[in-house]
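Chemist: Sharing a structure here in structure tokens format.
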Amino acid sequence: NPSDLSYEKGATARAELIGVEVVKFVLPEDVTKEALIAQIEAINADDSIHGCLMFRPLPKHLKADQDEICNHLAACKDVDCMTDLSNAGVFTGKKLGFAPCTPQACMEILDYYGIDCKGKNAVVIGRSNIVGKPMAMLLLHENATVTIAHSKTQNLAELTRQADVLVAAVGRPKFVTADMVKPGAVVIDVGMDRDENGKLCGDVDFDGVSQVCGAITPVPGGVGPMTISMLLENTLTAAKLQNSL
Ligand code: NAP
């Protein structure tokens, strides 16, 4: 998957920059469930590996078993929230594991710029398990009033115009336009899409929306690089915990 390869390249370069060693396990596309689980168990048993990221979705023949396979990873090495235990932490607010890196990146950006979500209306467009749903939970834990929109949502623009914080995780280039945004709103663009010229862009029409909103994350830049930062921060934290530091 080209976008996975590009993420891998970026993450590896950033990891090496800060002294985190990256080991890649490249398995054949027709890998069996048993062989993949054996690889994960070997990673669990290897004390020199502190965090593991597995690119998903898995190939078609493993799709039905994806959850079961993911749950073989030791929770302490689950730096991008692929196990049920880590997910339970995101939903309960308990520190059971790490949150998925992308929603965590969005929260870090809000925190860094001193944007307090308490009492604010937040709208998240997208309800995937890796971005939309956990994003909504993290905003809820920060006391935002959260609405999750998806492809069956009616009158989407009416809803998004109520948002003080608007998070776009749709997977459609320049989907959010200026007329959908409340003046002064904070807009977080999670999208990693290609425009009509094949250029990387987000789910938000940056040129139009930036005229209306109060703050906006760019694509490229913004959430993408911050996601890698979160992956590395989680890996560092995992290494410390595993070595009782
Ligand atoms: P996904 O699994 O395809 O989910 C997309 C969501 O958008 C779904 O919930 C879908 O609704 C909703 N949607 C689609 N069309 C819609 C419409 N017309 N109106 C309202 N909602 C609509 O995608 P994802 O994995 O969450 O990723 C979303 C975007 O973030 C993609 O561009 C992806 O490349 C990017 N991404 C970026 C990073 C990063 O590091 N920056 C990480 C992960 C993902 P239904 O559920 O009803 O189908």
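Please note that chains go A, B, ... in the order of the structure tokens, that every chain numbers its residues from 1, and that ligands are numbered from 1 in the order shown.
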As number ranges by chain, please: all residues of range 66-141 of chain A that backbone DSSP puts in alpha helix (DSSP H).
Modeler: A: 66-70, 84-92, 101-112, 132-141
Chemist: Report as a PDB file with N, CA and C atoms, in the first residue's frame all protein, DNA and RNA residues lying within 12 Å of Leu5 in chain A, evaluated on only C-alpha atoms, omitting residues in the same chain fewer than 3 positions from it.
Modeler:
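And here's selection_24.pdb as it stands now:
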```pdb
ATOM      1  N   ASN A   1       0.859  -1.184   0.000  1.00  0.00           N
ATOM      2  CA  ASN A   1       0.000   0.000   0.000  1.00  0.00           C
ATOM      3  C   ASN A   1       0.902   1.243   0.000  1.00  0.00           C
ATOM      4  N   PRO A   2       0.811   2.081  -1.064  1.00  0.00           N
ATOM      5  CA  PRO A   2       1.734   3.224  -1.192  1.00  0.00           C
ATOM      6  C   PRO A   2       1.702   4.175   0.005  1.00  0.00           C
ATOM      7  N   GLU A   8       5.816   4.586   6.477  1.00  0.00           N
ATOM      8  CA  GLU A   8       6.950   3.811   6.986  1.00  0.00           C
ATOM      9  C   GLU A   8       8.267   4.559   6.757  1.00  0.00           C
ATOM     10  N   LYS A   9       8.377   5.147   5.557  1.00  0.00           N
ATOM     11  CA  LYS A   9       9.601   5.870   5.210  1.00  0.00           C
ATOM     12  C   LYS A   9       9.782   7.076   6.147  1.00  0.00           C
ATOM     13  N   GLY A  10       8.703   7.846   6.305  1.00  0.00           N
ATOM     14  CA  GLY A  10       8.766   9.035   7.156  1.00  0.00           C
ATOM     15  C   GLY A  10       9.056   8.663   8.603  1.00  0.00           C
ATOM     16  N   ALA A  11       8.367   7.630   9.092  1.00  0.00           N
ATOM     17  CA  ALA A  11       8.530   7.231  10.492  1.00  0.00           C
ATOM     18  C   ALA A  11       9.944   6.707  10.732  1.00  0.00           C
ATOM     19  N   THR A  12      10.464   5.933   9.785  1.00  0.00           N
ATOM     20  CA  THR A  12      11.808   5.369   9.941  1.00  0.00           C
ATOM     21  C   THR A  12      12.854   6.483   9.976  1.00  0.00           C
ATOM     22  N   LYS A  24      12.351  -3.848  10.458  1.00  0.00           N
ATOM     23  CA  LYS A  24      11.167  -4.105   9.622  1.00  0.00           C
ATOM     24  C   LYS A  24      10.998  -5.599   9.426  1.00  0.00           C
ATOM     25  N   VAL A  26       9.017  -7.798   6.952  1.00  0.00           N
ATOM     26  CA  VAL A  26       8.195  -7.762   5.737  1.00  0.00           C
ATOM     27  C   VAL A  26       7.769  -9.188   5.408  1.00  0.00           C
ATOM     28  N   MET A  54       1.842  -2.509  13.249  1.00  0.00           N
ATOM     29  CA  MET A  54       1.551  -3.392  12.111  1.00  0.00           C
ATOM     30  C   MET A  54       0.617  -2.648  11.160  1.00  0.00           C
ATOM     31  N   PHE A  55       1.002  -2.589   9.885  1.00  0.00           N
ATOM     32  CA  PHE A  55       0.156  -1.870   8.931  1.00  0.00           C
ATOM     33  C   PHE A  55      -1.124  -2.653   8.654  1.00  0.00           C
ATOM     34  N   ARG A  56      -2.204  -1.960   8.692  1.00  0.00           N
ATOM     35  CA  ARG A  56      -3.512  -2.533   8.445  1.00  0.00           C
ATOM     36  C   ARG A  56      -4.266  -1.666   7.451  1.00  0.00           C
TER      37      ARG A  56
END
```
Chemist: Measuring atom to atom with only C-alpha atoms, identify which of A:Leu62, A:Ala75, A:Val31, A:Leu200 is nearest to Arg172 in chain A.
Modeler: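 Comparing A:Leu62, A:Ala75, A:Val31, A:Leu200 against Arg172 in chain A, the winner is A:Leu200.
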Chemist: Excluding range 128-144 of chain A and residues on its chain fewer than 3 positions from it, collect all residues at most 9 Å away from it, counting only C-alpha atoms, and give them as a VMD selection string.
Modeler: chain A and resid 81 to 82 87 90 to 93 99 to 104 106 to 107 116 to 125 147 to 149 165 167 to 170 190
Chemist: Excluding range 153-159 of chain A and its own-chain neighbours fewer than 3 positions away, which residues fall within 8 Å of it when counting only C-alpha atoms? Please give them as a list in words.
Modeler: Val123, Ala149, His150, Gln162, Ala163, Asp179, Met180 and Val181 of chain A
Chemist: Any chance you could export the current selection's all heavy atoms as a PDB file, in the first residue's frame?
Modeler:
```pdb
ATOM      1  N   VAL A 123     -17.175  18.586  16.463  1.00  0.00           N
ATOM      2  CA  VAL A 123     -17.759  17.675  15.477  1.00  0.00           C
ATOM      3  C   VAL A 123     -16.614  16.920  14.805  1.00  0.00           C
ATOM      4  O   VAL A 123     -15.644  17.529  14.340  1.00  0.00           O
ATOM      5  CB  VAL A 123     -18.601  18.434  14.423  1.00  0.00           C
ATOM      6  CG1 VAL A 123     -19.053  17.484  13.305  1.00  0.00           C
ATOM      7  CG2 VAL A 123     -19.818  19.091  15.078  1.00  0.00           C
ATOM      8  N   ALA A 149     -20.065  12.569  12.901  1.00  0.00           N
ATOM      9  CA  ALA A 149     -20.806  12.536  11.625  1.00  0.00           C
ATOM     10  C   ALA A 149     -20.193  11.468  10.722  1.00  0.00           C
ATOM     11  O   ALA A 149     -19.027  11.112  10.868  1.00  0.00           O
ATOM     12  CB  ALA A 149     -20.728  13.901  10.955  1.00  0.00           C
ATOM     13  N   HIS A 150     -20.997  10.958   9.794  1.00  0.00           N
ATOM     14  CA  HIS A 150     -20.527   9.895   8.882  1.00  0.00           C
ATOM     15  C   HIS A 150     -21.305  10.001   7.581  1.00  0.00           C
ATOM     16  O   HIS A 150     -22.049  10.968   7.370  1.00  0.00           O
ATOM     17  CB  HIS A 150     -20.701   8.533   9.558  1.00  0.00           C
ATOM     18  CG  HIS A 150     -22.027   8.345  10.194  1.00  0.00           C
ATOM     19  ND1 HIS A 150     -23.158   8.070   9.456  1.00  0.00           N
ATOM     20  CD2 HIS A 150     -22.419   8.486  11.484  1.00  0.00           C
ATOM     21  CE1 HIS A 150     -24.181   7.995  10.289  1.00  0.00           C
ATOM     22  NE2 HIS A 150     -23.773   8.260  11.519  1.00  0.00           N
ATOM     23  N   GLN A 162     -21.906  24.328  13.561  1.00  0.00           N
ATOM     24  CA  GLN A 162     -22.044  24.506  15.022  1.00  0.00           C
ATOM     25  C   GLN A 162     -20.718  24.229  15.734  1.00  0.00           C
ATOM     26  O   GLN A 162     -20.619  24.419  16.940  1.00  0.00           O
ATOM     27  CB  GLN A 162     -23.047  23.499  15.601  1.00  0.00           C
ATOM     28  CG  GLN A 162     -24.313  23.290  14.819  1.00  0.00           C
ATOM     29  CD  GLN A 162     -25.418  24.181  15.311  1.00  0.00           C
ATOM     30  OE1 GLN A 162     -25.510  24.402  16.510  1.00  0.00           O
ATOM     31  NE2 GLN A 162     -26.219  24.690  14.409  1.00  0.00           N
ATOM     32  N   ALA A 163     -19.750  23.719  14.991  1.00  0.00           N
ATOM     33  CA  ALA A 163     -18.548  23.199  15.655  1.00  0.00           C
ATOM     34  C   ALA A 163     -17.552  24.297  16.007  1.00  0.00           C
ATOM     35  O   ALA A 163     -17.141  25.082  15.157  1.00  0.00           O
ATOM     36  CB  ALA A 163     -17.866  22.172  14.751  1.00  0.00           C
ATOM     37  N   ASP A 179     -18.071  27.220   3.565  1.00  0.00           N
ATOM     38  CA  ASP A 179     -19.469  27.388   3.995  1.00  0.00           C
ATOM     39  C   ASP A 179     -19.872  26.376   5.070  1.00  0.00           C
ATOM     40  O   ASP A 179     -20.935  26.489   5.667  1.00  0.00           O
ATOM     41  CB  ASP A 179     -20.413  27.264   2.782  1.00  0.00           C
ATOM     42  CG  ASP A 179     -20.271  25.919   2.107  1.00  0.00           C
ATOM     43  OD1 ASP A 179     -19.130  25.537   1.788  1.00  0.00           O
ATOM     44  OD2 ASP A 179     -21.303  25.237   1.933  1.00  0.00           O
ATOM     45  N   MET A 180     -19.024  25.382   5.337  1.00  0.00           N
ATOM     46  CA  MET A 180     -19.352  24.369   6.358  1.00  0.00           C
ATOM     47  C   MET A 180     -18.720  24.712   7.703  1.00  0.00           C
ATOM     48  O   MET A 180     -18.846  23.944   8.662  1.00  0.00           O
ATOM     49  CB  MET A 180     -18.820  22.994   5.909  1.00  0.00           C
ATOM     50  CG  MET A 180     -19.490  22.464   4.659  1.00  0.00           C
ATOM     51  SD  MET A 180     -18.627  21.022   3.989  1.00  0.00           S
ATOM     52  CE  MET A 180     -19.063  19.757   5.175  1.00  0.00           C
ATOM     53  N   VAL A 181     -18.010  25.833   7.760  1.00  0.00           N
ATOM     54  CA  VAL A 181     -17.196  26.121   8.950  1.00  0.00           C
ATOM     55  C   VAL A 181     -17.679  27.377   9.664  1.00  0.00           C
ATOM     56  O   VAL A 181     -17.936  28.412   9.042  1.00  0.00           O
ATOM     57  CB  VAL A 181     -15.708  26.266   8.540  1.00  0.00           C
ATOM     58  CG1 VAL A 181     -14.842  26.674   9.718  1.00  0.00           C
ATOM     59  CG2 VAL A 181     -15.196  24.968   7.922  1.00  0.00           C
TER      60      VAL A 181
END
```
Chemist: Write out as an mmCIF file with C-alpha atoms, in the first residue's frame each polymer residue whose atoms come within 8 Å of Asn44 in chain A, counting only C-alpha atoms; drop sequence neighbours fewer than 5 positions from it.
Modeler:
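This is the output file selection19.cif:
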```
data_model
loop_
_atom_site.group_PDB
_atom_site.id
_atom_site.type_symbol
_atom_site.label_atom_id
_atom_site.label_comp_id
_atom_site.auth_asym_id
_atom_site.auth_seq_id
_atom_site.Cartn_x
_atom_site.Cartn_y
_atom_site.Cartn_z
ATOM 1 C CA ILE A 49 11.873 -4.441 20.786
ATOM 2 C CA LEU A 73 0.556 -8.246 20.472
ATOM 3 C CA ALA A 74 1.649 -7.666 24.081
ATOM 4 C CA LYS A 77 4.313 -2.961 23.035
#
```
Chemist: May I ask for the distance between atom 18 (N, counted along the ligand's line) of ligand 1 and CA of Pro220 in chain A, given in Å to one decimal place?
Modeler: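 Atom-to-atom, atom 18 (N, counted along the ligand's line) of ligand 1 to CA of Pro220 in chain A, that is 21.9 Å.
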Chemist: Using only C-alpha atoms and all ligand atoms, pick whichever of A:Asp80, A:Glu29, A:Asp67, A:Glu196 has the shortest atom-to-atom distance to ligand 1.
Modeler: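 Checking each of A:Asp80, A:Glu29, A:Asp67, A:Glu196 against ligand 1, counting only C-alpha atoms and all ligand atoms, the winner is A:Asp80.
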Chemist: Considering only C-alpha atoms, state which residue in the set A:Ala215, A:Val187, A:Ala35, A:Leu96 is at the smallest distance from Asp203 in chain A.
Modeler: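 Among A:Ala215, A:Val187, A:Ala35, A:Leu96, it is A:Val187 that comes nearest to Asp203 in chain A.
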Chemist: For Val212 in chain A, list every protein, DNA or RNA residue within 7 Å, evaluated using only C-alpha atoms, and leave out those in the same chain fewer than 6 positions away; present the list as a PyMOL selection string.
Modeler: chain A and resi 178+183-184
Chemist: Return the single residue from A:Val209, A:Ala105, A:Ile115, A:Leu27 that is closest to ligand 1, with distances computed using only C-alpha atoms and all ligand atoms.
Modeler: A:Ala105
Chemist: Pull the strand (DSSP E or B) assignments for chain A out of DSSP run on the backbone, and list those residues as a CSV table (one decimal) with N, CA, C and O atoms, in the first residue's frame.
Modeler:
```csv
chain,number,residue,atom,x,y,z
A,121,ASN,N,-18.3,22.8,21.4
A,121,ASN,CA,-18.9,21.9,20.5
A,121,ASN,C,-17.9,21.3,19.6
A,121,ASN,O,-17.2,22.1,18.9
A,122,ALA,N,-17.7,20.0,19.6
A,122,ALA,CA,-16.7,19.4,18.7
A,122,ALA,C,-17.5,18.5,17.7
A,122,ALA,O,-18.4,17.7,18.2
A,123,VAL,N,-17.2,18.6,16.5
A,123,VAL,CA,-17.8,17.7,15.5
A,123,VAL,C,-16.6,16.9,14.8
A,123,VAL,O,-15.6,17.5,14.3
A,124,VAL,N,-16.7,15.6,14.8
A,124,VAL,CA,-15.8,14.7,14.1
A,124,VAL,C,-16.5,14.2,12.9
A,124,VAL,O,-17.5,13.5,13.0
A,125,ILE,N,-15.9,14.4,11.7
A,125,ILE,CA,-16.5,13.8,10.5
A,125,ILE,C,-15.7,12.5,10.2
A,125,ILE,O,-14.5,12.6,9.9
A,145,THR,N,-18.4,18.7,24.0
A,145,THR,CA,-19.6,18.1,23.6
A,145,THR,C,-19.5,17.6,22.2
A,145,THR,O,-19.3,18.4,21.3
A,146,VAL,N,-19.5,16.3,22.0
A,146,VAL,CA,-19.0,15.7,20.8
A,146,VAL,C,-20.1,15.1,19.9
A,146,VAL,O,-21.0,14.4,20.4
A,147,THR,N,-20.1,15.4,18.6
A,147,THR,CA,-20.9,14.8,17.7
A,147,THR,C,-20.1,14.1,16.6
A,147,THR,O,-19.1,14.7,16.2
A,148,ILE,N,-20.5,12.9,16.3
A,148,ILE,CA,-19.7,12.1,15.3
A,148,ILE,C,-20.6,12.1,14.0
A,148,ILE,O,-21.8,11.6,14.1
A,149,ALA,N,-20.1,12.6,12.9
A,149,ALA,CA,-20.8,12.5,11.6
A,149,ALA,C,-20.2,11.5,10.7
A,149,ALA,O,-19.0,11.1,10.9
A,165,VAL,N,-14.8,23.2,17.4
A,165,VAL,CA,-13.6,22.3,17.0
A,165,VAL,C,-14.1,21.3,15.9
A,165,VAL,O,-15.1,20.6,16.2
A,166,LEU,N,-13.6,21.4,14.8
A,166,LEU,CA,-14.0,20.5,13.7
A,166,LEU,C,-12.9,19.6,13.2
A,166,LEU,O,-11.8,20.1,12.9
A,167,VAL,N,-13.1,18.3,13.3
A,167,VAL,CA,-12.1,17.4,12.9
A,167,VAL,C,-12.6,16.6,11.7
A,167,VAL,O,-13.6,16.0,11.7
A,168,ALA,N,-11.8,16.7,10.6
A,168,ALA,CA,-12.2,16.0,9.4
A,168,ALA,C,-11.3,14.8,9.2
A,168,ALA,O,-10.1,14.9,9.0
A,176,VAL,N,-14.3,19.4,3.1
A,176,VAL,CA,-14.9,20.5,4.0
A,176,VAL,C,-14.6,21.8,3.4
A,176,VAL,O,-13.4,22.2,3.2
A,186,VAL,N,-11.8,26.1,15.2
A,186,VAL,CA,-10.5,25.4,15.1
A,186,VAL,C,-10.7,24.2,14.2
A,186,VAL,O,-11.6,23.3,14.5
A,187,VAL,N,-9.9,24.0,13.1
A,187,VAL,CA,-10.2,23.0,12.2
A,187,VAL,C,-8.9,22.1,12.1
A,187,VAL,O,-7.8,22.5,11.9
A,188,ILE,N,-9.1,20.8,12.4
A,188,ILE,CA,-8.1,19.8,12.4
A,188,ILE,C,-8.3,18.9,11.2
A,188,ILE,O,-9.3,18.2,11.1
A,189,ASP,N,-7.3,18.9,10.3
A,189,ASP,CA,-7.5,18.1,9.0
A,189,ASP,C,-6.6,16.8,9.1
A,189,ASP,O,-5.4,16.9,9.0
A,193,ASP,N,-5.0,12.9,1.3
A,193,ASP,CA,-5.7,12.6,0.0
A,193,ASP,C,-4.8,13.1,-1.1
A,193,ASP,O,-3.8,13.8,-1.0
A,194,ARG,N,-5.3,12.8,-2.3
A,194,ARG,CA,-4.6,13.3,-3.6
A,194,ARG,C,-5.6,14.2,-4.3
A,194,ARG,O,-6.8,13.8,-4.5
A,200,LEU,N,-0.6,15.9,-2.8
A,200,LEU,CA,-1.1,15.5,-1.5
A,200,LEU,C,-1.9,16.7,-1.0
A,200,LEU,O,-1.5,17.9,-1.0
A,201,CYS,N,-3.1,16.4,-0.4
A,201,CYS,CA,-4.0,17.4,0.2
A,201,CYS,C,-4.8,16.8,1.3
A,201,CYS,O,-4.7,15.6,1.5
A,204,VAL,N,-9.8,19.0,4.0
A,204,VAL,CA,-10.3,20.4,4.1
A,204,VAL,C,-9.8,21.2,2.9
A,204,VAL,O,-8.6,21.1,2.6
A,215,ALA,N,-8.2,28.8,13.4
A,215,ALA,CA,-6.9,28.0,13.3
A,215,ALA,C,-7.1,26.8,12.5
A,215,ALA,O,-8.2,26.2,12.5
A,216,ILE,N,-6.1,26.3,11.8
A,216,ILE,CA,-6.3,25.2,10.9
A,216,ILE,C,-4.9,24.4,10.8
A,216,ILE,O,-3.9,25.1,10.8
```
Chemist: Residues near Cys76 in chain A, anyone? I mean within 9 Å using only C-alpha atoms, not counting same-chain ones fewer than 3 positions away, as a list of chain:residue names.
Modeler: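 What passes the distance filter is A:His50, A:Gly51, A:Leu73, A:Val79, A:Gly97, A:Phe98, A:Ala238, A:Ala239, A:Leu241, A:Gln242.
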Chemist: Report, in Å with one decimal, the straight-line distance from CA of Gly171 in chain A to atom 5 (C, counted along the ligand's line) of ligand 1.
Modeler: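 Value for the CA of Gly171 in chain A-atom 5 (C, counted along the ligand's line) of ligand 1 distance: 5.5 Å.
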Chemist: Calculate how many Å separate atom 5 (C, counted along the ligand's line) of ligand 1 from CA of Thr227 in chain A, rounding to one decimal.
Modeler: 17.4 Å
